[in-house]
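One file, entry_14.cif, is given below (mmCIF, C-alpha atoms).
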data_input
loop_
_atom_site.group_PDB
_atom_site.id
_atom_site.type_symbol
_atom_site.label_atom_id
_atom_site.label_comp_id
_atom_site.auth_asym_id
_atom_site.auth_seq_id
_atom_site.Cartn_x
_atom_site.Cartn_y
_atom_site.Cartn_z
ATOM 1 C CA MET V 1 74.527 -110.739 228.194
ATOM 2 C CA SER V 2 77.597 -108.994 226.800
ATOM 3 C CA HIS V 3 75.931 -105.616 226.592
ATOM 4 C CA GLY V 4 72.584 -104.134 225.791
ATOM 5 C CA LEU V 5 69.503 -102.986 227.644
ATOM 6 C CA GLU V 6 66.944 -105.153 229.403
ATOM 7 C CA ILE V 7 63.758 -103.548 230.644
ATOM 8 C CA TYR V 8 61.112 -105.106 232.867
ATOM 9 C CA ASN V 9 57.800 -103.574 233.804
ATOM 10 C CA ALA V 10 56.455 -103.348 237.341
ATOM 11 C CA SER V 11 54.905 -106.804 237.024
ATOM 12 C CA GLY V 12 58.216 -108.346 236.124
ATOM 13 C CA GLN V 13 57.352 -108.852 232.459
ATOM 14 C CA GLU V 14 60.269 -108.304 230.130
ATOM 15 C CA ARG V 15 59.625 -105.305 227.902
ATOM 16 C CA LEU V 16 62.964 -105.233 226.123
ATOM 17 C CA ASP V 17 65.465 -108.045 225.789
ATOM 18 C CA GLU V 18 69.157 -107.361 225.328
ATOM 19 C CA GLU V 19 68.974 -109.092 221.963
ATOM 20 C CA SER V 20 65.814 -107.335 220.799
ATOM 21 C CA PHE V 21 65.148 -103.890 219.453
ATOM 22 C CA VAL V 22 62.130 -101.778 218.856
ATOM 23 C CA HIS V 23 61.282 -100.272 215.496
ATOM 24 C CA ARG V 24 62.150 -96.708 214.643
ATOM 25 C CA LEU V 25 59.822 -94.581 212.585
ATOM 26 C CA MET V 26 62.063 -92.980 209.940
ATOM 27 C CA GLY V 27 59.385 -90.972 208.143
ATOM 28 C CA MET V 28 56.167 -91.010 206.168
ATOM 29 C CA GLY V 29 54.543 -89.347 203.199
ATOM 30 C CA SER V 30 52.427 -89.863 200.126
ATOM 31 C CA GLY V 31 52.821 -90.210 196.371
ATOM 32 C CA LEU V 32 51.012 -90.966 193.144
ATOM 33 C CA SER V 33 51.105 -94.464 191.709
ATOM 34 C CA GLY V 34 51.058 -95.701 188.133
ATOM 35 C CA ASP V 35 48.484 -98.141 186.744
ATOM 36 C CA ILE V 36 48.006 -101.640 188.099
ATOM 37 C CA GLY V 37 51.239 -103.640 188.019
ATOM 38 C CA THR V 38 53.494 -100.650 187.481
ATOM 39 C CA VAL V 39 56.073 -99.512 190.004
ATOM 40 C CA VAL V 40 57.080 -96.004 191.015
ATOM 41 C CA GLU V 41 60.228 -95.066 192.911
ATOM 42 C CA VAL V 42 60.360 -92.974 196.052
ATOM 43 C CA ALA V 43 63.781 -91.538 196.902
ATOM 44 C CA TRP V 44 64.961 -92.313 200.449
ATOM 45 C CA THR V 45 68.568 -91.385 201.193
ATOM 46 C CA GLY V 46 70.415 -93.975 203.220
ATOM 47 C CA MET V 47 68.014 -96.809 202.542
ATOM 48 C CA THR V 48 69.664 -100.157 201.929
ATOM 49 C CA ALA V 49 67.814 -103.097 200.441
ATOM 50 C CA SER V 50 68.650 -105.161 203.510
ATOM 51 C CA ASP V 51 66.383 -106.752 206.017
ATOM 52 C CA GLU V 52 66.539 -103.679 208.223
ATOM 53 C CA TRP V 53 63.874 -101.667 206.443
ATOM 54 C CA PHE V 54 60.195 -102.156 205.906
ATOM 55 C CA ILE V 55 57.695 -99.934 204.185
ATOM 56 C CA LEU V 56 53.988 -99.952 204.961
ATOM 57 C CA THR V 57 51.396 -98.609 202.539
ATOM 58 C CA THR V 58 47.688 -98.096 202.315
ATOM 59 C CA GLY V 59 45.562 -100.859 200.801
ATOM 60 C CA GLY V 60 45.934 -101.501 197.091
ATOM 61 C CA PHE V 61 49.706 -101.036 197.053
ATOM 62 C CA SER V 62 52.777 -103.101 197.836
ATOM 63 C CA ALA V 63 56.263 -101.794 198.581
ATOM 64 C CA TYR V 64 59.807 -103.070 198.866
ATOM 65 C CA PRO V 65 63.124 -101.400 199.695
ATOM 66 C CA GLY V 66 66.013 -100.609 197.340
ATOM 67 C CA ILE V 67 69.232 -98.629 197.497
ATOM 68 C CA ASP V 68 68.509 -95.004 198.404
ATOM 69 C CA ARG V 69 64.923 -95.549 197.318
ATOM 70 C CA PHE V 70 61.976 -97.827 197.674
ATOM 71 C CA TYR V 71 59.413 -99.065 195.206
ATOM 72 C CA VAL V 72 55.630 -98.900 195.332
ATOM 73 C CA GLN V 73 53.422 -100.990 193.067
ATOM 74 C CA ASN V 74 49.759 -100.372 192.351
ATOM 75 C CA THR V 75 47.955 -103.678 192.817
ATOM 76 C CA PHE V 76 44.426 -102.532 192.045
ATOM 77 C CA SER V 77 42.930 -101.626 188.692
ATOM 78 C CA PHE V 78 41.655 -98.191 189.635
ATOM 79 C CA GLY V 79 44.329 -96.382 187.679
ATOM 80 C CA PRO V 80 46.928 -94.004 189.128
ATOM 81 C CA SER V 81 46.000 -93.301 192.730
ATOM 82 C CA THR V 82 47.394 -91.640 195.824
ATOM 83 C CA PHE V 83 49.278 -93.902 198.175
ATOM 84 C CA THR V 84 50.558 -93.107 201.627
ATOM 85 C CA TYR V 85 53.530 -94.813 203.202
ATOM 86 C CA VAL V 86 55.471 -95.199 206.419
ATOM 87 C CA VAL V 87 59.138 -96.190 206.609
ATOM 88 C CA TYR V 88 60.459 -98.156 209.581
ATOM 89 C CA ARG V 89 63.947 -99.314 210.358
ATOM 90 C CA ARG V 90 64.636 -102.226 212.652
ATOM 91 C CA MET E 1 72.945 -88.926 216.447
ATOM 92 C CA ALA E 2 75.683 -86.573 217.654
ATOM 93 C CA HIS E 3 74.732 -86.761 221.304
ATOM 94 C CA GLY E 4 71.912 -87.925 223.522
ATOM 95 C CA PHE E 5 70.501 -91.329 224.413
ATOM 96 C CA GLN E 6 71.117 -94.374 222.274
ATOM 97 C CA VAL E 7 71.457 -98.040 223.231
ATOM 98 C CA LEU E 8 73.145 -100.639 221.078
ATOM 99 C CA ASN E 9 72.753 -104.322 221.858
ATOM 100 C CA ALA E 10 75.303 -107.100 221.543
ATOM 101 C CA THR E 11 74.626 -107.470 217.819
ATOM 102 C CA HIS E 12 75.063 -103.714 217.332
ATOM 103 C CA ARG E 13 71.396 -103.212 216.639
ATOM 104 C CA ILE E 14 70.028 -99.925 217.878
ATOM 105 C CA GLN E 15 67.578 -100.766 220.617
ATOM 106 C CA ILE E 16 66.480 -97.232 221.439
ATOM 107 C CA ASP E 17 67.503 -93.933 219.847
ATOM 108 C CA GLN E 18 66.184 -90.675 221.227
ATOM 109 C CA ASP E 19 65.834 -89.243 217.701
ATOM 110 C CA PHE E 20 63.269 -91.749 216.444
ATOM 111 C CA ARG E 21 59.907 -92.692 217.841
ATOM 112 C CA ASN E 22 59.244 -96.378 218.310
ATOM 113 C CA ALA E 23 56.170 -98.326 217.320
ATOM 114 C CA ARG E 24 53.924 -99.376 220.208
ATOM 115 C CA VAL E 25 50.620 -101.205 220.516
ATOM 116 C CA ILE E 26 47.454 -99.101 220.434
ATOM 117 C CA ALA E 27 44.853 -101.842 219.973
ATOM 118 C CA THR E 28 44.699 -105.596 220.292
ATOM 119 C CA GLY E 29 42.004 -108.248 220.348
ATOM 120 C CA THR E 30 40.762 -111.622 219.171
ATOM 121 C CA LEU E 31 38.493 -112.175 216.171
ATOM 122 C CA ALA E 32 36.511 -115.164 214.973
ATOM 123 C CA ALA E 33 37.142 -116.996 211.712
ATOM 124 C CA GLY E 34 36.267 -115.066 208.564
ATOM 125 C CA MET E 35 36.791 -111.559 207.233
ATOM 126 C CA HIS E 36 36.617 -108.509 209.469
ATOM 127 C CA TYR E 37 36.501 -104.766 208.956
ATOM 128 C CA LEU E 38 37.701 -102.553 211.808
ATOM 129 C CA ALA E 39 37.228 -98.788 211.845
ATOM 130 C CA MET E 40 40.642 -97.125 211.840
ATOM 131 C CA PRO E 41 40.402 -93.418 212.666
ATOM 132 C CA TYR E 42 44.221 -93.301 212.724
ATOM 133 C CA LEU E 43 44.197 -93.446 208.949
ATOM 134 C CA VAL E 44 43.068 -89.841 208.708
ATOM 135 C CA THR E 45 46.718 -89.014 209.313
ATOM 136 C CA ASP E 46 49.639 -90.096 207.175
ATOM 137 C CA GLU E 47 50.745 -92.854 209.521
ATOM 138 C CA ILE E 48 50.134 -96.408 208.366
ATOM 139 C CA PRO E 49 49.932 -98.803 211.331
ATOM 140 C CA ILE E 50 51.937 -101.997 211.675
ATOM 141 C CA VAL E 51 49.399 -104.832 211.673
ATOM 142 C CA LEU E 52 50.342 -108.030 213.476
ATOM 143 C CA LEU E 53 48.243 -111.198 213.246
ATOM 144 C CA ARG E 54 48.593 -114.389 215.275
ATOM 145 C CA PRO E 55 46.730 -117.560 214.325
ATOM 146 C CA SER E 56 45.110 -119.478 217.154
ATOM 147 C CA ILE E 57 46.196 -122.857 215.817
ATOM 148 C CA ILE E 58 48.919 -124.365 213.654
ATOM 149 C CA SER E 59 48.353 -124.398 209.870
ATOM 150 C CA SER E 60 45.534 -121.853 210.039
ATOM 151 C CA TYR E 61 45.778 -119.053 207.505
ATOM 152 C CA VAL E 62 45.615 -115.366 208.428
ATOM 153 C CA GLY E 63 45.997 -112.348 206.178
ATOM 154 C CA SER E 64 43.896 -110.580 203.547
ATOM 155 C CA VAL E 65 44.998 -107.299 205.086
ATOM 156 C CA ALA E 66 44.272 -103.875 203.667
ATOM 157 C CA LEU E 67 44.334 -100.459 205.264
ATOM 158 C CA TRP E 68 41.721 -98.568 203.318
ATOM 159 C CA ARG E 69 42.001 -94.850 203.571
ATOM 160 C CA TYR E 70 39.182 -92.679 202.383
ATOM 161 C CA GLY E 71 40.083 -90.739 199.258
ATOM 162 C CA ASP E 72 43.111 -92.781 198.210
ATOM 163 C CA LEU E 73 41.456 -95.250 195.874
ATOM 164 C CA PHE E 74 37.769 -94.618 196.156
ATOM 165 C CA THR E 75 35.462 -91.673 196.380
ATOM 166 C CA GLY E 76 32.616 -93.567 197.990
ATOM 167 C CA ASP E 77 31.378 -96.918 199.269
ATOM 168 C CA PHE E 78 33.407 -96.708 202.467
ATOM 169 C CA PRO E 79 31.838 -98.200 205.586
ATOM 170 C CA ASN E 80 33.784 -95.701 207.659
ATOM 171 C CA ALA E 81 34.806 -92.330 206.277
ATOM 172 C CA ASN E 82 37.923 -92.344 208.439
ATOM 173 C CA GLY E 83 39.223 -95.537 206.922
ATOM 174 C CA TYR E 84 39.220 -99.133 208.029
ATOM 175 C CA LEU E 85 41.360 -102.195 208.397
ATOM 176 C CA GLN E 86 40.375 -105.358 206.536
ATOM 177 C CA MET E 87 41.796 -108.672 207.756
ATOM 178 C CA GLY E 88 40.795 -112.295 207.897
ATOM 179 C CA GLY E 89 41.537 -115.682 209.332
ATOM 180 C CA GLN E 90 40.711 -119.275 208.592
ATOM 181 C CA HIS E 91 40.120 -119.800 212.314
ATOM 182 C CA ALA E 92 40.048 -117.413 215.277
ATOM 183 C CA PHE E 93 43.085 -115.139 215.410
ATOM 184 C CA ASP E 94 44.611 -112.315 217.428
ATOM 185 C CA TYR E 95 45.473 -108.918 216.023
ATOM 186 C CA ALA E 96 47.604 -106.036 217.282
ATOM 187 C CA ILE E 97 47.786 -102.553 215.812
ATOM 188 C CA CYS E 98 51.017 -100.618 216.338
ATOM 189 C CA THR E 99 51.796 -96.988 215.582
ATOM 190 C CA ALA E 100 54.494 -94.514 216.547
ATOM 191 C CA THR E 101 52.666 -91.184 216.485
ATOM 192 C CA VAL E 102 48.906 -91.681 216.534
ATOM 193 C CA GLY E 103 46.398 -93.458 218.731
ATOM 194 C CA THR E 104 46.529 -94.033 222.472
ATOM 195 C CA PRO E 105 49.071 -96.680 223.433
ATOM 196 C CA ILE E 106 48.037 -99.489 225.720
ATOM 197 C CA ALA E 107 49.970 -98.872 228.930
ATOM 198 C CA ASP E 108 50.386 -100.584 232.259
ATOM 199 C CA THR E 109 50.088 -98.503 235.398
ATOM 200 C CA ALA E 110 53.698 -98.658 236.504
ATOM 201 C CA THR E 111 55.085 -95.569 238.171
ATOM 202 C CA HIS E 112 58.650 -96.508 237.371
ATOM 203 C CA GLY E 113 60.507 -97.683 234.281
ATOM 204 C CA LEU E 114 62.207 -96.018 231.345
ATOM 205 C CA LEU E 115 60.784 -93.042 229.505
ATOM 206 C CA VAL E 116 62.740 -91.465 226.635
ATOM 207 C CA TYR E 117 61.705 -88.204 225.029
ATOM 208 C CA LYS E 118 62.542 -86.743 221.653
ATOM 209 C CA THR E 119 63.854 -83.184 221.527
ATOM 210 C CA ASP E 120 60.418 -82.007 220.383
ATOM 211 C CA GLY E 121 58.946 -83.344 223.620
ATOM 212 C CA SER E 122 57.243 -86.398 222.142
ATOM 213 C CA ILE E 123 57.787 -89.805 223.732
ATOM 214 C CA VAL E 124 60.247 -92.013 221.882
ATOM 215 C CA TYR E 125 60.094 -95.025 224.184
ATOM 216 C CA ASP E 126 57.968 -95.853 227.214
ATOM 217 C CA SER E 127 58.492 -99.108 229.091
ATOM 218 C CA ARG E 128 54.841 -99.066 230.141
ATOM 219 C CA HIS E 129 53.912 -99.743 226.507
ATOM 220 C CA ARG E 130 53.992 -102.955 224.518
ATOM 221 C CA HIS E 131 56.288 -102.968 221.486
ATOM 222 C CA PRO E 132 56.522 -105.183 218.406
ATOM 223 C CA ASN E 133 59.844 -106.855 217.792
ATOM 224 C CA ILE E 134 59.990 -108.162 214.247
ATOM 225 C CA THR E 135 62.790 -110.650 214.678
ATOM 226 C CA GLN E 136 63.001 -111.731 211.050
ATOM 227 C CA LEU E 137 62.086 -110.099 207.775
ATOM 228 C CA LEU E 138 61.738 -112.950 205.290
ATOM 229 C CA ALA E 139 62.823 -111.974 201.806
ATOM 230 C CA LYS E 140 61.318 -113.613 198.738
ATOM 231 C CA ALA E 141 63.290 -112.999 195.560
ATOM 232 C CA SER E 142 61.554 -111.871 192.406
ATOM 233 C CA ASP E 143 60.032 -114.721 190.379
ATOM 234 C CA ALA E 144 58.553 -113.916 186.969
ATOM 235 C CA THR E 145 56.269 -116.943 186.780
ATOM 236 C CA SER E 146 52.560 -116.275 187.148
ATOM 237 C CA SER E 147 52.530 -118.009 190.526
ATOM 238 C CA GLY E 148 55.416 -115.807 191.639
ATOM 239 C CA GLY E 149 56.869 -118.891 193.293
ATOM 240 C CA TYR E 150 54.003 -119.289 195.760
ATOM 241 C CA PRO E 151 53.140 -121.071 197.943
ATOM 242 C CA ASN E 152 56.490 -120.476 199.570
ATOM 243 C CA THR E 153 57.738 -121.722 202.932
ATOM 244 C CA PHE E 154 60.172 -119.658 205.004
ATOM 245 C CA SER E 155 62.209 -120.981 207.918
ATOM 246 C CA ILE E 156 61.948 -119.057 211.166
ATOM 247 C CA SER E 157 63.812 -119.478 214.434
ATOM 248 C CA GLY E 158 63.584 -118.443 218.048
ATOM 249 C CA TYR E 159 59.902 -119.191 218.625
ATOM 250 C CA SER E 160 58.672 -121.668 221.197
ATOM 251 C CA ASP E 161 55.062 -120.616 220.805
ATOM 252 C CA MET E 162 52.872 -119.076 218.140
ATOM 253 C CA PRO E 163 54.624 -116.073 216.550
ATOM 254 C CA TRP E 164 52.900 -112.926 215.401
ATOM 255 C CA LEU E 165 52.977 -112.463 211.632
ATOM 256 C CA LEU E 166 53.565 -109.091 210.006
ATOM 257 C CA GLY E 167 50.166 -108.563 208.438
ATOM 258 C CA ASN E 168 50.794 -105.646 206.091
ATOM 259 C CA PRO E 169 52.408 -107.687 203.271
ATOM 260 C CA LEU E 170 49.621 -110.275 203.519
ATOM 261 C CA MET E 171 47.533 -108.111 201.322
ATOM 262 C CA VAL E 172 44.215 -108.169 199.558
ATOM 263 C CA THR E 173 44.728 -108.692 195.839
ATOM 264 C CA PHE E 174 42.491 -107.927 192.951
ATOM 265 C CA ASN E 175 41.955 -109.844 189.756
ATOM 266 C CA GLY E 176 40.522 -106.974 187.793
ATOM 267 C CA VAL E 177 37.199 -108.613 186.999
ATOM 268 C CA GLY E 178 35.112 -106.105 188.862
ATOM 269 C CA GLU E 179 34.907 -103.995 191.956
ATOM 270 C CA THR E 180 33.261 -106.636 194.078
ATOM 271 C CA SER E 181 34.528 -108.771 196.893
ATOM 272 C CA SER E 182 34.117 -111.844 194.718
ATOM 273 C CA SER E 183 36.938 -110.588 192.505
ATOM 274 C CA GLN E 184 39.366 -110.358 195.385
ATOM 275 C CA GLY E 185 42.103 -112.761 196.226
ATOM 276 C CA CYS E 186 44.426 -112.427 199.136
ATOM 277 C CA VAL E 187 47.880 -113.212 200.407
ATOM 278 C CA MET E 188 47.734 -115.316 203.540
ATOM 279 C CA ALA E 189 50.246 -117.045 205.779
ATOM 280 C CA ARG E 190 50.173 -119.905 208.215
ATOM 281 C CA VAL E 191 52.554 -121.072 210.923
ATOM 282 C CA ASN E 192 53.650 -124.664 210.507
ATOM 283 C CA SER E 193 54.120 -127.331 213.138
ATOM 284 C CA GLY E 194 56.965 -126.708 215.583
ATOM 285 C CA PHE E 195 56.938 -122.924 214.998
ATOM 286 C CA THR E 196 59.970 -123.316 212.720
ATOM 287 C CA SER E 197 58.472 -122.170 209.428
ATOM 288 C CA ILE E 198 55.646 -120.214 207.854
ATOM 289 C CA THR E 199 54.003 -120.728 204.475
ATOM 290 C CA VAL E 200 52.760 -117.815 202.370
ATOM 291 C CA ASP E 201 50.160 -118.492 199.689
ATOM 292 C CA PHE E 202 47.494 -116.808 197.595
ATOM 293 C CA ARG E 203 43.981 -117.690 198.615
ATOM 294 C CA ASP E 204 40.488 -116.969 197.418
ATOM 295 C CA ALA E 205 39.101 -114.191 199.577
ATOM 296 C CA ALA E 206 35.526 -114.581 198.389
ATOM 297 C CA ALA E 207 34.785 -117.820 200.198
ATOM 298 C CA PRO E 208 35.440 -116.603 203.733
ATOM 299 C CA LEU E 209 32.895 -113.865 203.305
ATOM 300 C CA THR E 210 30.324 -116.609 203.822
ATOM 301 C CA PHE E 211 32.317 -119.436 205.351
ATOM 302 C CA PRO E 212 35.928 -119.749 206.543
ATOM 303 C CA VAL E 213 37.515 -121.966 203.933
ATOM 304 C CA PHE E 214 40.144 -119.831 202.184
ATOM 305 C CA PRO E 215 40.783 -122.235 199.286
ATOM 306 C CA ALA E 216 43.918 -121.768 197.254
ATOM 307 C CA LEU E 217 43.421 -119.755 194.118
ATOM 308 C CA PRO E 218 43.300 -122.277 191.259
ATOM 309 C CA ASP E 219 46.377 -121.011 189.447
ATOM 310 C CA ARG E 220 47.519 -118.287 191.866
ATOM 311 C CA SER E 221 47.719 -115.903 188.953
ATOM 312 C CA ALA E 222 44.293 -114.259 188.876
ATOM 313 C CA TYR E 223 46.245 -111.259 189.930
ATOM 314 C CA ASN E 224 49.462 -111.902 191.781
ATOM 315 C CA PRO E 225 51.059 -108.647 192.976
ATOM 316 C CA TYR E 226 54.251 -110.485 193.860
ATOM 317 C CA SER E 227 54.792 -112.105 190.466
ATOM 318 C CA GLY E 228 58.035 -110.632 189.144
ATOM 319 C CA ARG E 229 58.517 -108.585 192.323
ATOM 320 C CA PRO E 230 60.515 -109.179 195.475
ATOM 321 C CA ALA E 231 58.533 -109.388 198.682
ATOM 322 C CA TRP E 232 59.172 -109.278 202.420
ATOM 323 C CA PHE E 233 57.211 -111.000 205.128
ATOM 324 C CA GLY E 234 57.905 -110.989 208.844
ATOM 325 C CA VAL E 235 57.512 -112.683 212.208
ATOM 326 C CA SER E 236 57.407 -110.828 215.467
ATOM 327 C CA HIS E 237 57.383 -111.042 219.212
ATOM 328 C CA LEU E 238 55.130 -108.690 221.127
ATOM 329 C CA ALA E 239 56.761 -107.797 224.436
#

Same coordinates, now as structure tokens:
Amino acid sequence: MSHGLEIYNASGQERLDEESFVHRLMGMGSGLSGDIGTVVEVAWTGMTASDEWFILTTGGFSAYPGIDRFYVQNTFSFGPSTFTYVVYRR
Amino acid sequence: MAHGFQVLNATHRIQIDQDFRNARVIATGTLAAGMHYLAMPYLVTDEIPIVLLRPSIISSYVGSVALWRYGDLFTGDFPNANGYLQMGGQHAFDYAICTATVGTPIADTATHGLLVYKTDGSIVYDSRHRHPNITQLLAKASDATSSGGYPNTFSISGYSDMPWLLGNPLMVTFNGVGETSSSQGCVMARVNSGFTSITVDFRDAAAPLTFPVFPALPDRSAYNPYSGRPAWFGVSHLA
């Protein structure tokens, strides 16, 4: 390896490879969606729409990252509803 | 960070940063073919777990994931007032639930290793825990057709055995006909031969409630949440 951290547990199993990385919890919260199919924006300073970010939501919603924000879509026909989210960065 | 503990690897990825807590495994197991509903008391908090699914065999679909939290969408008809995780598989499959702040992490009994604390005293990283490592997030560009461009096959690399699939985007869908399971579809994914690609598709979630078939939705447009929207899927190691 050129540099990086390798970690093994007491049994000799590799816990962290020098090429791997664990996932950092950047924050979490909640919001109110629109109707089914509509998208609402959630401001998130520093977010880039790269493959470094992923957003997890409660059931009935999908999410994808943007620039300094991410987007949450209501995928169920129950009308505007509360969603909760978690933001991770790789 | 201005000071403290941070490790960058050879590709300049941050491996560990003392300012941010890392996801670790709090539950894992194996389930039989079909749809399953697991009580998830963690959902009483704001943290949404990372759900990882691993098919037992090549070309077997897993997915239909939803983290139902009491009070978000419904006011009743919950099998567990604390929330539950819905997920399914065409054949037997493994699951792993990962969180950063809630639940009790699965830990080995080592008395040595690396333990990193945040300034508030919470554990950021513990080498006794198991951690997900999502090696690739697989982007699907927006496609305005009703199928959304699915089924879609993504190339993956670096896997010599069955990868874990990021389950959260493999979501339950809803065609708006009624509030019954028979009106649900689902996003599912399979690992293809050689562990070099995965295929994501929309399947009929009603069938596996009685038998594990998971047929493709006839036109994949009953309600396709990814039609006209970008989407991200993922593959992961679990160290």

Test item: chain V residues at most 9 Å from chain E, counting all atoms listed in the file, as a PDB file with C-alpha atoms, in the coordinates of the input:
ATOM      1  CA  MET V   1      74.527-110.739 228.194  1.00  0.00           C
ATOM      2  CA  SER V   2      77.597-108.994 226.800  1.00  0.00           C
ATOM      3  CA  HIS V   3      75.931-105.616 226.592  1.00  0.00           C
ATOM      4  CA  GLY V   4      72.584-104.134 225.791  1.00  0.00           C
ATOM      5  CA  LEU V   5      69.503-102.986 227.644  1.00  0.00           C
ATOM      6  CA  ILE V   7      63.758-103.548 230.644  1.00  0.00           C
ATOM      7  CA  TYR V   8      61.112-105.106 232.867  1.00  0.00           C
ATOM      8  CA  ASN V   9      57.800-103.574 233.804  1.00  0.00           C
ATOM      9  CA  ALA V  10      56.455-103.348 237.341  1.00  0.00           C
ATOM     10  CA  SER V  11      54.905-106.804 237.024  1.00  0.00           C
ATOM     11  CA  GLN V  13      57.352-108.852 232.459  1.00  0.00           C
ATOM     12  CA  GLU V  14      60.269-108.304 230.130  1.00  0.00           C
ATOM     13  CA  ARG V  15      59.625-105.305 227.902  1.00  0.00           C
ATOM     14  CA  LEU V  16      62.964-105.233 226.123  1.00  0.00           C
ATOM     15  CA  ASP V  17      65.465-108.045 225.789  1.00  0.00           C
ATOM     16  CA  GLU V  18      69.157-107.361 225.328  1.00  0.00           C
ATOM     17  CA  GLU V  19      68.974-109.092 221.963  1.00  0.00           C
ATOM     18  CA  SER V  20      65.814-107.335 220.799  1.00  0.00           C
ATOM     19  CA  PHE V  21      65.148-103.890 219.453  1.00  0.00           C
ATOM     20  CA  VAL V  22      62.130-101.778 218.856  1.00  0.00           C
ATOM     21  CA  HIS V  23      61.282-100.272 215.496  1.00  0.00           C
ATOM     22  CA  ARG V  24      62.150 -96.708 214.643  1.00  0.00           C
ATOM     23  CA  LEU V  25      59.822 -94.581 212.585  1.00  0.00           C
ATOM     24  CA  MET V  26      62.063 -92.980 209.940  1.00  0.00           C
ATOM     25  CA  GLY V  27      59.385 -90.972 208.143  1.00  0.00           C
ATOM     26  CA  MET V  28      56.167 -91.010 206.168  1.00  0.00           C
ATOM     27  CA  GLY V  29      54.543 -89.347 203.199  1.00  0.00           C
ATOM     28  CA  SER V  30      52.427 -89.863 200.126  1.00  0.00           C
ATOM     29  CA  GLY V  37      51.239-103.640 188.019  1.00  0.00           C
ATOM     30  CA  ASP V  51      66.383-106.752 206.017  1.00  0.00           C
ATOM     31  CA  GLU V  52      66.539-103.679 208.223  1.00  0.00           C
ATOM     32  CA  TRP V  53      63.874-101.667 206.443  1.00  0.00           C
ATOM     33  CA  PHE V  54      60.195-102.156 205.906  1.00  0.00           C
ATOM     34  CA  LEU V  56      53.988 -99.952 204.961  1.00  0.00           C
ATOM     35  CA  THR V  57      51.396 -98.609 202.539  1.00  0.00           C
ATOM     36  CA  THR V  58      47.688 -98.096 202.315  1.00  0.00           C
ATOM     37  CA  GLY V  59      45.562-100.859 200.801  1.00  0.00           C
ATOM     38  CA  GLY V  60      45.934-101.501 197.091  1.00  0.00           C
ATOM     39  CA  PHE V  61      49.706-101.036 197.053  1.00  0.00           C
ATOM     40  CA  SER V  62      52.777-103.101 197.836  1.00  0.00           C
ATOM     41  CA  ALA V  63      56.263-101.794 198.581  1.00  0.00           C
ATOM     42  CA  TYR V  64      59.807-103.070 198.866  1.00  0.00           C
ATOM     43  CA  GLN V  73      53.422-100.990 193.067  1.00  0.00           C
ATOM     44  CA  ASN V  74      49.759-100.372 192.351  1.00  0.00           C
ATOM     45  CA  THR V  75      47.955-103.678 192.817  1.00  0.00           C
ATOM     46  CA  PHE V  76      44.426-102.532 192.045  1.00  0.00           C
ATOM     47  CA  SER V  77      42.930-101.626 188.692  1.00  0.00           C
ATOM     48  CA  PHE V  78      41.655 -98.191 189.635  1.00  0.00           C
ATOM     49  CA  GLY V  79      44.329 -96.382 187.679  1.00  0.00           C
ATOM     50  CA  PRO V  80      46.928 -94.004 189.128  1.00  0.00           C
ATOM     51  CA  SER V  81      46.000 -93.301 192.730  1.00  0.00           C
ATOM     52  CA  THR V  82      47.394 -91.640 195.824  1.00  0.00           C
ATOM     53  CA  PHE V  83      49.278 -93.902 198.175  1.00  0.00           C
ATOM     54  CA  THR V  84      50.558 -93.107 201.627  1.00  0.00           C
ATOM     55  CA  TYR V  85      53.530 -94.813 203.202  1.00  0.00           C
ATOM     56  CA  VAL V  86      55.471 -95.199 206.419  1.00  0.00           C
ATOM     57  CA  TYR V  88      60.459 -98.156 209.581  1.00  0.00           C
ATOM     58  CA  ARG V  90      64.636-102.226 212.652  1.00  0.00           C
TER      59      ARG V  90
END

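Using all atoms listed in the file, the shortest contact distance between Leu52 in chain E and any of E:Ser236, E:Thr30, E:Ser64, E:Gln90 is found at E:Ser236.
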
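In this model, the gap between CA of Asp143 in chain E and CA of Thr45 in chain V comes to 27.1 Å.
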
Please evaluate the PyMOL selection byres ((chain V and resi 71) around 8) against the structure above and give the resulting residues as a PyMOL selection string.
-> chain V and resi 39-42+63-66+69-70+72-73

Quiz item: If you apply the PyMOL selection byres ((chain E and resi 106) around 6) to this file, what residues do you get, as a PyMOL selection string?
Solution: chain E and resi 26+105+107+129

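The spacing separating CA of Ala33 in chain E from CA of Val62 in chain E amounts to 9.2 Å.
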
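Interatomic distance, CA of Gly89 in chain E against CA of Leu38 in chain E: 13.9 Å.
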
With a distance cut-off of 8 Å and all atoms listed in the file, select the neighbouring residues of Ser56 in chain E, excluding the residue or stretch itself and same-chain residues fewer than 2 positions from it, and output the selection as a PDB file with C-alpha atoms, keeping the file's coordinate frame.
ATOM      1  CA  ARG E  54      48.593-114.389 215.275  1.00  0.00           C
ATOM      2  CA  ILE E  58      48.919-124.365 213.654  1.00  0.00           C
ATOM      3  CA  SER E  60      45.534-121.853 210.039  1.00  0.00           C
ATOM      4  CA  HIS E  91      40.120-119.800 212.314  1.00  0.00           C
ATOM      5  CA  ALA E  92      40.048-117.413 215.277  1.00  0.00           C
ATOM      6  CA  PHE E  93      43.085-115.139 215.410  1.00  0.00           C
ATOM      7  CA  ASP E  94      44.611-112.315 217.428  1.00  0.00           C
ATOM      8  CA  MET E 162      52.872-119.076 218.140  1.00  0.00           C
TER       9      MET E 162
END

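Within 6 Å of Gly63 in chain E, once all atoms listed in the file are used and residues closer than 4 positions along the same chain are dropped, the contacting residues are Met87, Gly88, Leu170 and Met188 of chain E.
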
| request: Please return, as an MDAnalysis selection string, all polymer residues that have at least one atom within 12 Å of the point (55.6, -120.6, 191.0); use only C-alpha atoms and the file's own coordinate frame. | output: chainID E and resid 140:152 201:202 219:221 224 226:228
